[in-house]
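File shown: final_37.txt. Contents: compact mmCIF, C-alpha atoms.
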```
# COMPACT_ATOMS: atom_id res chain seq x y z
CA MET A 202 0.00 0.00 0.00
CA GLY A 203 2.81 2.40 0.97
CA ASP A 204 4.43 1.42 -2.29
CA GLN A 205 1.36 2.53 -4.18
CA LYS A 206 1.25 5.84 -2.36
CA SER A 207 4.79 6.78 -3.27
CA LYS A 208 4.06 5.79 -6.84
CA ARG A 209 1.19 8.22 -6.88
CA GLU A 210 3.24 11.09 -5.55
CA GLU A 211 5.86 10.43 -8.12
CA ARG A 212 3.34 10.88 -10.89
CA ILE A 213 2.04 14.25 -9.72
CA GLY A 214 4.79 16.28 -11.24
CA SER A 215 5.43 14.13 -14.27
CA THR A 216 2.56 14.71 -16.65
CA SER A 217 3.29 15.17 -20.33
CA PRO A 218 3.47 18.81 -21.47
CA SER A 219 0.24 19.29 -23.42
CA ARG A 220 -1.93 16.34 -22.44
CA VAL A 221 -3.25 15.60 -19.03
CA VAL A 222 -4.15 11.99 -19.62
CA PRO A 223 -1.15 9.84 -18.75
CA SER A 224 -0.11 7.77 -21.76
CA SER A 225 1.35 4.27 -22.33
CA SER A 226 1.66 2.69 -18.89
CA GLU A 227 -1.51 4.37 -17.67
CA GLU A 228 -4.03 2.83 -20.05
CA SER A 229 -6.24 1.93 -17.12
CA ALA A 230 -6.47 5.58 -16.07
CA VAL A 231 -8.66 6.55 -19.00
CA PRO A 232 -11.79 4.64 -17.97
CA LEU A 233 -11.18 5.79 -14.40
CA LEU A 234 -11.08 9.40 -15.48
CA ARG A 235 -14.26 8.83 -17.42
CA GLU A 236 -15.93 7.53 -14.32
CA LEU A 237 -14.58 10.47 -12.39
CA VAL A 238 -15.94 12.95 -14.90
CA ALA A 239 -19.36 11.30 -14.81
CA HIS A 240 -19.35 11.62 -11.03
CA LEU A 241 -18.40 15.30 -11.19
CA ARG A 242 -21.05 16.01 -13.82
CA LYS A 243 -23.73 14.33 -11.76
CA ASN A 244 -22.92 16.32 -8.63
CA ARG A 245 -22.24 19.55 -10.48
CA THR A 246 -24.73 21.76 -8.64
CA GLN A 247 -23.85 20.55 -5.18
CA LEU A 248 -20.05 20.64 -5.65
CA ARG A 249 -20.18 24.02 -7.28
CA GLU A 250 -22.14 25.47 -4.41
CA GLU A 251 -19.79 23.88 -1.92
CA TRP A 252 -16.85 25.44 -3.74
CA ALA A 253 -18.40 28.92 -3.88
CA ARG A 254 -19.18 28.64 -0.17
CA ARG A 255 -15.59 27.68 0.63
CA ILE A 256 -14.30 30.62 -1.44
CA THR A 257 -16.42 33.07 0.55
CA GLU A 258 -15.44 31.37 3.79
CA ALA A 259 -11.73 31.69 2.99
CA LYS A 260 -12.29 35.39 2.21
CA LEU A 261 -10.94 35.00 -1.30
CA LEU A 262 -12.02 37.15 -4.26
CA THR A 263 -13.27 39.83 -1.86
CA ALA A 264 -13.32 42.31 -4.73
CA MET A 265 -16.18 40.39 -6.37
CA THR A 266 -19.84 40.01 -5.41
CA ARG A 267 -21.35 36.67 -4.38
CA GLU A 268 -23.20 36.38 -7.71
CA GLU A 269 -20.06 37.07 -9.72
CA ILE A 270 -18.12 34.48 -7.74
CA PHE A 271 -20.85 31.93 -8.39
CA ALA A 272 -20.94 32.72 -12.12
CA GLU A 273 -17.17 32.41 -12.44
CA ALA A 274 -17.17 29.31 -10.28
CA THR A 275 -19.64 27.71 -12.67
CA SER A 276 -17.58 28.33 -15.77
CA VAL A 277 -14.31 27.37 -14.08
CA TYR A 278 -15.95 24.18 -12.85
CA ASP A 279 -17.23 23.25 -16.32
CA ASN A 280 -13.87 23.97 -17.88
CA TYR A 281 -12.16 21.98 -15.17
CA VAL A 282 -14.30 18.90 -15.76
CA GLU A 283 -13.86 19.22 -19.48
CA VAL A 284 -10.07 19.28 -19.19
CA LEU A 285 -10.24 16.20 -16.96
CA GLU A 286 -12.28 14.48 -19.66
CA THR A 287 -10.44 15.51 -22.83
CA GLY A 288 -6.99 16.13 -21.43
CA ALA A 289 -6.59 19.23 -23.65
CA VAL A 290 -5.53 22.24 -21.62
CA GLU A 291 -5.63 24.74 -24.50
CA ALA A 292 -9.24 25.69 -23.88
CA LEU A 293 -8.52 26.17 -20.19
CA GLN A 294 -5.47 28.26 -20.98
CA ALA A 295 -7.58 30.55 -23.14
CA TYR A 296 -10.23 30.72 -20.44
CA ALA A 297 -7.62 31.49 -17.75
CA ARG A 298 -6.25 34.32 -19.85
CA ASP A 299 -9.72 35.70 -20.45
CA LEU A 300 -10.62 35.40 -16.76
CA SER A 301 -7.38 37.14 -15.74
CA GLU A 302 -8.08 39.96 -18.15
CA ARG A 303 -11.44 40.51 -16.49
CA ILE A 304 -10.43 40.21 -12.85
CA ILE A 305 -6.97 41.83 -12.79
CA PRO A 306 -8.41 45.37 -13.13
CA ARG A 307 -10.64 44.56 -10.14
CA GLY A 308 -7.57 44.06 -7.98
CA VAL A 309 -7.60 40.29 -7.63
CA GLU A 310 -4.25 39.01 -6.38
CA THR A 311 -2.25 36.03 -7.55
CA ASP A 312 -2.61 34.17 -4.25
CA GLU A 313 -6.41 34.46 -4.51
CA VAL A 314 -6.49 32.85 -7.93
CA VAL A 315 -4.16 30.07 -6.86
CA GLY A 316 -6.20 29.76 -3.68
CA ILE A 317 -9.54 29.20 -5.44
CA VAL A 318 -8.13 26.62 -7.83
CA LEU A 319 -6.56 24.71 -4.95
CA LEU A 320 -9.88 24.93 -3.09
CA LEU A 321 -11.69 23.39 -6.05
CA ARG A 322 -9.10 20.65 -6.17
CA ASP A 323 -9.68 20.04 -2.49
CA VAL A 324 -13.49 20.09 -2.76
CA LEU A 325 -13.44 17.56 -5.57
CA ALA A 326 -10.91 15.34 -3.82
CA ARG A 327 -13.08 15.29 -0.69
CA SER A 328 -16.09 14.29 -2.75
CA LEU A 329 -14.05 11.46 -4.25
CA PHE A 330 -12.98 10.30 -0.79
CA ALA A 331 -16.61 10.33 0.29
CA LYS A 332 -17.74 8.32 -2.71
CA TYR A 333 -15.03 5.67 -2.78
CA GLN A 334 -14.17 5.35 0.87
CA ALA A 335 -15.53 1.81 0.96
CA ASP A 336 -13.09 0.52 -1.66
CA PHE A 337 -9.62 1.65 -0.73
CA GLN A 338 -7.91 0.10 -3.76
CA LEU A 339 -10.27 1.80 -6.17
CA LEU A 340 -9.93 5.13 -4.35
CA ASN A 341 -6.19 4.94 -4.74
CA ARG A 342 -6.45 4.26 -8.45
CA ILE A 343 -8.98 7.08 -8.91
CA LEU A 344 -6.64 9.48 -7.13
CA ASP A 345 -3.79 8.23 -9.29
CA ALA A 346 -5.74 9.41 -12.29
CA TYR A 347 -7.14 12.55 -10.70
CA GLU A 348 -4.15 14.15 -9.03
CA PRO A 349 -1.78 14.65 -11.98
CA ALA A 350 -4.65 16.09 -14.00
CA ALA A 351 -5.71 18.39 -11.16
CA ASN A 352 -2.16 19.58 -10.61
CA ARG A 353 -1.77 20.27 -14.25
CA ILE A 354 -4.95 22.35 -14.23
CA ALA A 355 -3.96 24.34 -11.15
CA ASN A 356 -0.61 24.99 -12.77
CA THR A 357 -2.19 26.14 -16.02
CA VAL A 358 -4.56 28.58 -14.37
CA ALA A 359 -1.91 30.06 -12.09
CA VAL A 360 0.65 30.42 -14.86
CA GLY A 361 -1.97 31.94 -17.16
CA PHE A 362 -2.88 34.50 -14.53
CA VAL A 363 0.72 35.49 -13.83
CA GLN A 364 1.52 35.71 -17.53
CA GLU A 365 -1.46 37.99 -18.13
CA ARG A 366 -0.37 40.18 -15.23
CA GLU A 367 3.16 40.43 -16.58
CA ARG A 368 1.83 41.26 -20.02
CA ILE A 369 -0.18 44.15 -18.57
CA ILE A 370 2.80 45.41 -16.60
CA ARG A 371 5.00 45.35 -19.68
CA GLN A 372 2.35 47.17 -21.69
CA GLN A 373 2.04 49.89 -19.06
CA GLN A 374 5.78 50.34 -18.72
CA GLU A 375 5.98 50.77 -22.47
CA ALA A 376 3.18 53.35 -22.38
CA ILE A 377 4.84 55.32 -19.58
CA ARG A 378 8.10 55.35 -21.48
CA GLU A 379 6.49 56.56 -24.68
CA LEU A 380 4.76 59.37 -22.82
CA SER A 381 7.70 60.56 -20.86
CA THR A 382 10.34 61.38 -23.47
CA PRO A 383 9.45 64.34 -25.67
CA VAL A 384 12.13 65.94 -27.81
CA LEU A 385 10.99 69.50 -28.53
CA GLN A 386 12.24 72.04 -30.98
CA VAL A 387 12.13 75.58 -29.51
CA ARG A 388 14.01 77.36 -32.23
CA GLU A 389 15.56 76.51 -35.55
CA ARG A 390 18.35 74.01 -34.74
CA LEU A 391 17.69 74.09 -31.00
CA LEU A 392 16.13 71.12 -29.22
CA ILE A 393 14.97 70.75 -25.64
CA LEU A 394 14.76 67.44 -23.84
CA PRO A 395 13.03 67.84 -20.48
CA ILE A 396 13.49 64.72 -18.38
CA ILE A 397 11.09 64.11 -15.52
CA GLY A 398 10.96 61.24 -13.06
CA VAL A 399 13.10 58.23 -12.43
CA ILE A 400 15.60 57.21 -15.06
CA ASP A 401 16.49 53.54 -15.25
CA PRO A 402 19.12 52.26 -17.65
CA GLN A 403 16.48 51.19 -20.15
CA ARG A 404 14.79 54.58 -20.21
CA ALA A 405 18.14 56.32 -20.40
CA ARG A 406 18.96 54.25 -23.45
CA GLN A 407 15.65 55.08 -25.07
CA LEU A 408 16.11 58.77 -24.32
CA THR A 409 19.47 58.73 -26.03
CA GLU A 410 18.11 56.99 -29.10
CA GLN A 411 15.21 59.43 -29.38
CA LEU A 412 17.47 62.42 -28.93
CA LEU A 413 19.94 61.24 -31.57
CA ARG A 414 17.10 60.65 -34.02
CA GLY A 415 15.71 64.11 -33.16
CA ILE A 416 19.07 65.74 -33.79
CA ARG A 417 19.21 64.15 -37.20
CA THR A 418 15.65 64.95 -38.32
CA ASN A 419 15.64 68.53 -36.96
CA ARG A 420 19.26 69.20 -37.98
CA ALA A 421 19.89 70.45 -34.46
CA ARG A 422 23.12 72.23 -33.54
CA VAL A 423 22.42 72.69 -29.85
CA VAL A 424 20.47 70.51 -27.42
CA VAL A 425 19.39 71.53 -23.92
CA ILE A 426 18.79 68.56 -21.62
CA ASP A 427 16.89 69.73 -18.56
CA ILE A 428 17.03 67.37 -15.60
CA THR A 429 15.35 69.61 -13.02
CA GLY A 430 12.66 66.92 -12.63
CA VAL A 431 15.17 64.17 -11.87
CA ALA A 432 15.77 63.83 -8.14
CA ALA A 433 18.53 61.28 -8.13
CA MET A 434 20.71 59.44 -10.54
CA ASP A 435 22.81 56.36 -10.00
CA VAL A 436 26.27 55.87 -11.42
CA THR A 437 25.07 53.81 -14.39
CA VAL A 438 22.59 56.44 -15.49
CA ALA A 439 25.04 59.28 -14.90
CA ASN A 440 27.48 57.50 -17.16
CA HIS A 441 24.70 57.14 -19.68
CA LEU A 442 24.10 60.88 -19.59
CA VAL A 443 27.75 61.45 -20.34
CA GLN A 444 27.51 58.99 -23.23
CA THR A 445 24.48 60.86 -24.57
CA VAL A 446 26.47 64.08 -24.53
CA GLU A 447 29.33 62.43 -26.39
CA ALA A 448 27.10 60.71 -28.94
CA SER A 449 25.38 64.02 -29.68
CA ARG A 450 28.74 65.62 -30.24
CA LEU A 451 29.57 62.93 -32.80
CA LEU A 452 26.49 64.10 -34.70
CA GLY A 453 27.81 67.64 -34.52
CA ALA A 454 25.46 68.91 -31.81
CA THR A 455 26.49 70.66 -28.61
CA VAL A 456 24.69 69.54 -25.47
CA ILE A 457 23.92 71.83 -22.56
CA VAL A 458 22.75 70.12 -19.37
CA THR A 459 20.63 72.24 -17.03
CA GLY A 460 18.98 71.88 -13.66
CA LEU A 461 21.43 69.53 -11.96
CA SER A 462 20.41 68.98 -8.37
CA PRO A 463 23.10 68.99 -5.68
CA GLU A 464 22.77 65.20 -5.34
CA ILE A 465 23.29 64.61 -9.05
CA ALA A 466 26.18 67.06 -9.10
CA GLN A 467 27.77 65.01 -6.34
CA THR A 468 27.24 61.77 -8.26
CA LEU A 469 28.87 63.25 -11.35
CA VAL A 470 31.83 64.45 -9.32
CA THR A 471 32.15 61.08 -7.57
CA ILE A 472 32.32 59.12 -10.81
CA GLY A 473 34.84 61.63 -12.08
CA VAL A 474 33.11 62.99 -15.14
CA ASP A 475 35.36 65.11 -17.30
CA LEU A 476 33.64 68.46 -16.81
CA GLY A 477 35.45 69.93 -19.80
CA LYS A 478 33.23 67.79 -21.97
CA MET A 479 30.02 68.61 -20.12
CA ASN A 480 28.45 71.97 -20.73
CA THR A 481 26.25 72.75 -17.72
CA VAL A 482 24.11 75.75 -16.85
CA GLY A 483 22.12 76.29 -13.67
CA ASP A 484 18.55 76.38 -14.93
CA LEU A 485 16.56 75.88 -18.12
CA GLN A 486 16.29 79.60 -18.82
CA GLY A 487 20.02 80.03 -18.56
CA GLY A 488 20.48 76.97 -20.76
CA ILE A 489 18.29 78.37 -23.51
CA GLU A 490 20.06 81.72 -23.33
CA GLU A 491 23.41 80.00 -23.64
CA ALA A 492 22.12 77.95 -26.57
CA GLU A 493 20.88 81.08 -28.34
CA ARG A 494 24.28 82.64 -27.85
CA LEU A 495 25.95 79.58 -29.41
CA LEU A 496 23.55 79.71 -32.35
CA GLY A 497 24.13 83.43 -32.83
CA TYR A 498 20.66 84.56 -31.82
CA LYS A 499 20.22 87.85 -30.05
CA VAL A 500 16.94 88.26 -28.25
CA THR A 501 15.96 91.87 -27.68
CA PRO A 502 12.62 92.94 -26.25
CA PHE A 503 10.81 95.29 -28.66
CA ALA A 504 8.87 96.89 -25.83
CA THR A 505 9.34 97.10 -22.11
CA PRO A 506 7.11 94.38 -20.71
CA PHE A 507 4.84 94.89 -17.71
CA SER A 508 5.64 98.58 -17.35
CA GLU A 509 2.93 101.16 -16.79
CA THR A 510 3.21 102.64 -20.25
CA SER A 511 2.97 99.37 -22.18
CA GLN A 512 -0.41 98.55 -23.66
CA GLU A 513 -1.99 95.15 -23.74
CA THR A 514 -2.98 94.18 -27.26
CA MET V 50 37.76 50.05 -52.07
CA GLN V 51 39.46 53.33 -52.84
CA VAL V 52 37.92 56.52 -51.45
CA PRO V 53 37.70 59.40 -53.96
CA ILE V 54 39.21 62.65 -52.68
CA LEU V 55 37.73 65.80 -54.24
CA LYS V 56 39.20 69.27 -54.09
CA GLN V 57 36.73 72.03 -53.46
CA GLY V 58 38.35 75.43 -53.08
CA GLN V 59 40.53 75.30 -50.00
CA TYR V 60 39.03 72.04 -48.83
CA LEU V 61 39.47 68.36 -49.57
CA ILE V 62 36.38 66.19 -49.42
CA ALA V 63 36.74 62.45 -48.94
CA SER V 64 33.39 60.80 -49.41
CA ILE V 65 33.39 57.15 -48.29
CA GLN V 66 31.28 55.04 -50.67
CA GLY V 67 31.04 51.70 -48.92
CA ALA V 68 32.36 49.53 -46.14
CA LEU V 69 36.11 49.98 -45.69
CA GLY V 70 38.71 47.50 -44.58
CA ASP V 71 41.57 48.43 -42.28
CA GLN V 72 43.93 48.69 -45.23
CA ASP V 73 41.59 51.10 -47.06
CA LEU V 74 41.41 53.32 -44.00
CA VAL V 75 45.17 53.50 -43.66
CA GLN V 76 45.40 54.30 -47.36
CA LEU V 77 42.82 57.08 -46.98
CA ARG V 78 44.72 58.54 -44.03
CA ASP V 79 48.02 58.57 -45.87
CA ALA V 80 46.51 59.91 -49.09
CA LEU V 81 44.82 62.81 -47.30
CA ALA V 82 47.89 63.67 -45.25
CA GLU V 83 49.91 63.76 -48.45
CA LYS V 84 47.38 65.75 -50.50
CA VAL V 85 46.85 68.36 -47.80
CA GLY V 86 50.45 69.45 -48.31
CA ARG V 87 50.55 69.11 -52.08
CA LEU V 88 47.25 70.90 -52.76
CA ARG V 89 47.72 73.46 -49.96
CA ALA V 90 44.33 72.61 -48.47
CA ARG V 91 43.11 74.39 -45.33
CA GLY V 92 40.35 71.97 -44.42
CA VAL V 93 39.43 68.31 -44.80
CA ILE V 94 35.97 66.77 -44.66
CA VAL V 95 35.54 63.02 -44.28
CA ASP V 96 31.97 61.92 -44.99
CA VAL V 97 31.13 58.65 -43.24
CA THR V 98 27.36 58.69 -43.89
CA VAL V 99 27.34 55.23 -45.49
CA LEU V 100 29.22 53.52 -42.67
CA ASP V 101 26.87 51.57 -40.43
CA VAL V 102 29.61 50.38 -38.14
CA MET V 103 32.69 52.08 -36.74
CA ASP V 104 35.17 49.93 -34.86
CA SER V 105 38.08 50.95 -32.69
CA PHE V 106 40.54 50.74 -35.55
CA ALA V 107 38.42 52.98 -37.75
CA SER V 108 37.92 55.62 -35.09
CA ARG V 109 41.59 55.55 -34.14
CA THR V 110 42.60 55.96 -37.77
CA LEU V 111 40.18 58.88 -38.21
CA ARG V 112 41.55 60.50 -35.07
CA ASP V 113 45.12 60.06 -36.30
CA LEU V 114 44.06 61.48 -39.65
CA ALA V 115 42.64 64.59 -37.99
CA HIS V 116 45.78 65.13 -35.93
CA MET V 117 48.11 64.51 -38.89
CA THR V 118 46.33 67.01 -41.12
CA ARG V 119 46.28 69.57 -38.32
CA LEU V 120 50.05 69.25 -38.03
CA ARG V 121 50.25 69.84 -41.78
CA GLY V 122 48.06 72.91 -41.59
CA ALA V 123 44.50 71.74 -42.27
CA GLU V 124 41.53 71.24 -39.97
CA THR V 125 39.60 67.97 -40.33
CA VAL V 126 35.92 67.50 -39.62
CA ILE V 127 34.14 64.13 -39.68
CA VAL V 128 30.58 64.37 -40.98
CA GLY V 129 27.56 62.10 -41.28
CA ILE V 130 27.95 59.73 -38.32
CA GLN V 131 24.62 57.91 -38.02
CA PRO V 132 22.72 58.06 -34.71
CA GLU V 133 23.01 54.28 -34.21
CA VAL V 134 26.72 54.38 -34.98
CA ALA V 135 27.26 57.27 -32.57
CA PHE V 136 25.41 55.39 -29.84
CA ALA V 137 27.41 52.23 -30.41
CA MET V 138 30.66 54.19 -30.47
CA VAL V 139 30.17 55.91 -27.12
CA GLN V 140 29.22 52.59 -25.57
CA LEU V 141 32.52 51.18 -26.74
CA GLY V 142 34.26 54.30 -25.44
CA LEU V 143 35.22 55.51 -28.92
CA THR V 144 34.49 59.22 -28.70
CA LEU V 145 36.86 60.68 -31.32
CA GLU V 146 38.39 62.96 -28.74
CA GLY V 147 39.86 66.15 -30.11
CA VAL V 148 38.23 65.62 -33.49
CA ASP V 149 35.57 67.99 -34.82
CA THR V 150 32.31 66.49 -36.04
CA ALA V 151 29.29 67.81 -37.92
CA LEU V 152 25.89 66.51 -38.95
CA ASP V 153 26.45 66.34 -42.71
CA LEU V 154 28.54 67.74 -45.56
CA GLU V 155 26.74 71.07 -45.57
CA GLU V 156 27.27 71.56 -41.86
CA GLY V 157 30.87 70.48 -42.20
CA LEU V 158 31.52 73.10 -44.87
CA ALA V 159 29.81 75.79 -42.76
CA PHE V 160 31.92 74.73 -39.78
CA LEU V 161 35.18 74.99 -41.73
CA ASP V 162 34.18 78.35 -43.24
CA LYS V 163 33.57 79.73 -39.78
CA LYS V 164 36.84 78.36 -38.50
CA MET V 165 38.79 79.80 -41.46
CA LYS V 166 37.25 83.22 -40.95
CA ARG V 167 38.17 83.15 -37.28
CA SER V 168 41.78 82.14 -37.92
CA ARG V 169 42.13 84.78 -40.67
CA SER V 170 40.83 87.56 -38.41
CA ARG V 171 43.27 86.41 -35.75
CA GLY V 172 46.11 87.07 -38.11
```

Please express what this file holds, its structure, as structure tokens.
Amino acid sequence: MGDQKSKREERIGSTSPSRVVPSSSEESAVPLLRELVAHLRKNRTQLREEWARRITEAKLLTAMTREEIFAEATSVYDNYVEVLETGAVEALQAYARDLSERIIPRGVETDEVVGIVLLLRDVLARSLFAKYQADFQLLNRILDAYEPAANRIANTVAVGFVQERERIIRQQQEAIRELSTPVLQVRERLLILPIIGVIDPQRARQLTEQLLRGIRTNRARVVVIDITGVAAMDVTVANHLVQTVEASRLLGATVIVTGLSPEIAQTLVTIGVDLGKMNTVGDLQGGIEEAERLLGYKVTPFATPFSETSQET
Amino acid sequence: MQVPILKQGQYLIASIQGALGDQDLVQLRDALAEKVGRLRARGVIVDVTVLDVMDSFASRTLRDLAHMTRLRGAETVIVGIQPEVAFAMVQLGLTLEGVDTALDLEEGLAFLDKKMKRSRSRG
């Protein structure tokens, strides 16, 4: 008997990649699974209700109403039984993705999703124990067939959920990056690159690429990079900033960096940046004035602004 | 592949037409250094627009070229480095230190004109 038990445990993790039904040596498992499925179909209403009750009891899916939980429980249950019957997890994978898409915006956590699937597994296993408790041998063989399939399903749903979450995170990161790196032309041949927020190496790289492309398309001679909105900068990113300055120079553009905070100034000094190569001005206004000087512009007011004699037009 | 060197007023223009091997680069360097003296050029423009890769040998040779022509009386400006090439170069630490660069041929000519005017006014 103990021998049989260890055999069962061994099989839990060793199902084939796309099929749940164990092949070759497990020919006898197929009729067992069929019997299992018939049992689960027959007791559908009762088991489903039991499951939904256990979910509420365990305080899972608190973001959803009782009715919603029951509706989802029904479709998960049906999918679950179907996978047990056919062994094809593709449909369940698609369903798990679809479910994740719906519930992730509601704030459902990974542990909740894993929790409900494990609860279902437990509810069904208990019902099997109840049904076959008289025949221990048969119960063992039923569990042999059930457990690998159930594990596979739990795995599929959990992985599907996490993958969907990661996909959303990637999408959002991409969106934030796209939004946060404008390259603006303020005058003929003068670009401004205002950087706001945290710079990680990936964003720094993207900034550089966008700036270099901007220099080429706008035929810029001077670029003002304003980092007033950047609170801190680590050594990697500071080095990247220096690289951006040098790469711009290779395209024939002069870079003026403005708005360095004391912390960033300290970082640059600590890593030993060659300040001869870096053109820095205190604030954005000063940077633009310096750029205009380099480009040969001379800005002269044609009227005295804000004085008593000036007229608003 | 040989690089054609054109004379345009006081300037020599070397316009690279395709990928260059190390030997071609050395040849270009020597040819320009020689012609600067013979043709009494005051400026040299090397157009690298077509190059989509610039290794350490190439950038060192271009740097040497710029320094050699300066010693023989002509300023060199490298023009047309592509954004991707520039990015790759700085990541490899190849920054063409002490060499002037410009966006394209037009900018390079404007740059040399300005530099000539300045040096003439100085004396």

Problem - Residues of chain V within 6 Å of chain A, counting all atoms listed in the file, as a list in words - result: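 So the residues of chain V near chain A are Ile130, Pro132, Ala135, Phe136, Val139, Thr150, Ala151 and Leu152 of chain V.
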
Exercise for the section: Measure the distance from CA of Ile426 (chain A) to CA of Ala466 (chain A) in Å and round it to one decimal. Expected result: 14.6 Å

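Take CA of Ser276 (chain A) and CA of Leu233 (chain A): the distance between them is 23.5 Å.
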
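A distance cut-off of 8 Å around (12.2, 70.0, -21.9), counting all atoms listed in the file, selects these protein and nucleic acid residues: A:Pro383, A:Val384, A:Leu385, A:Ile393, A:Leu394, A:Pro395, A:Ile396, A:Val425, A:Ile426, A:Asp427.
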
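CA of Trp252 (chain A) is found 7.0 Å from CA of Leu320 (chain A).
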
Practice task
Please identify all polymer residues within 12 Å of Ala68 (chain V), counting only C-alpha atoms, omitting same-chain residues fewer than 6 positions from it, and present them as a PyMOL selection string.
Solution key: chain V and resi 50-52+74+97-104+107

Practice task
Considering all atoms listed in the file, state which residue in the set A:Arg353, A:Lys332, A:Arg254, A:Arg366 is at the smallest distance from Gly308 (chain A).
Solution key: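 The answer is A:Arg366, which sits nearest to Gly308 (chain A).
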
Problem - Neighbour list for Glu365 (chain A) as a PyMOL selection string, cut-off 12 Å, all atoms listed in the file, skip fewer than 4 positions in-chain - result: chain A and resi 294-306+311+358-361+369-372

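Minimum distance to Leu340 (chain A) across A:Ser328, A:Thr266, A:Thr429, A:Gln403 (counting all atoms listed in the file) occurs at A:Ser328.
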
Do a neighbour search on Thr125 (chain V) at 6 Å with only C-alpha atoms, toss out local chain neighbours closer than 6 positions, and write the hits as a PDB file with C-alpha atoms, in the frame of the given file.
```pdb
ATOM      1  CA  GLY V  92      40.350  71.970 -44.420  1.00  0.00           C
ATOM      2  CA  VAL V  93      39.430  68.310 -44.800  1.00  0.00           C
ATOM      3  CA  ILE V  94      35.970  66.770 -44.660  1.00  0.00           C
ATOM      4  CA  ALA V 115      42.640  64.590 -37.990  1.00  0.00           C
TER       5      ALA V 115
END
```

Practice task
Skip Glu491 (chain A) itself and residues of its chain fewer than 6 positions away, then list as a list in words all residues within 10 Å of it, counting only C-alpha atoms.
Solution key: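 Listed by chain and then number, they are Val423, Val425, Ile457, Asn480, Thr481, Val482, Leu485, Gly497 and Tyr498 of chain A.
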
Exercise for the section: Compile the contact shell of Ala433 (chain A) as a count of residues only: residues with an atom at most 12 Å away, counting all atoms listed in the file, same-chain residues fewer than 2 positions apart removed. Expected result: 25
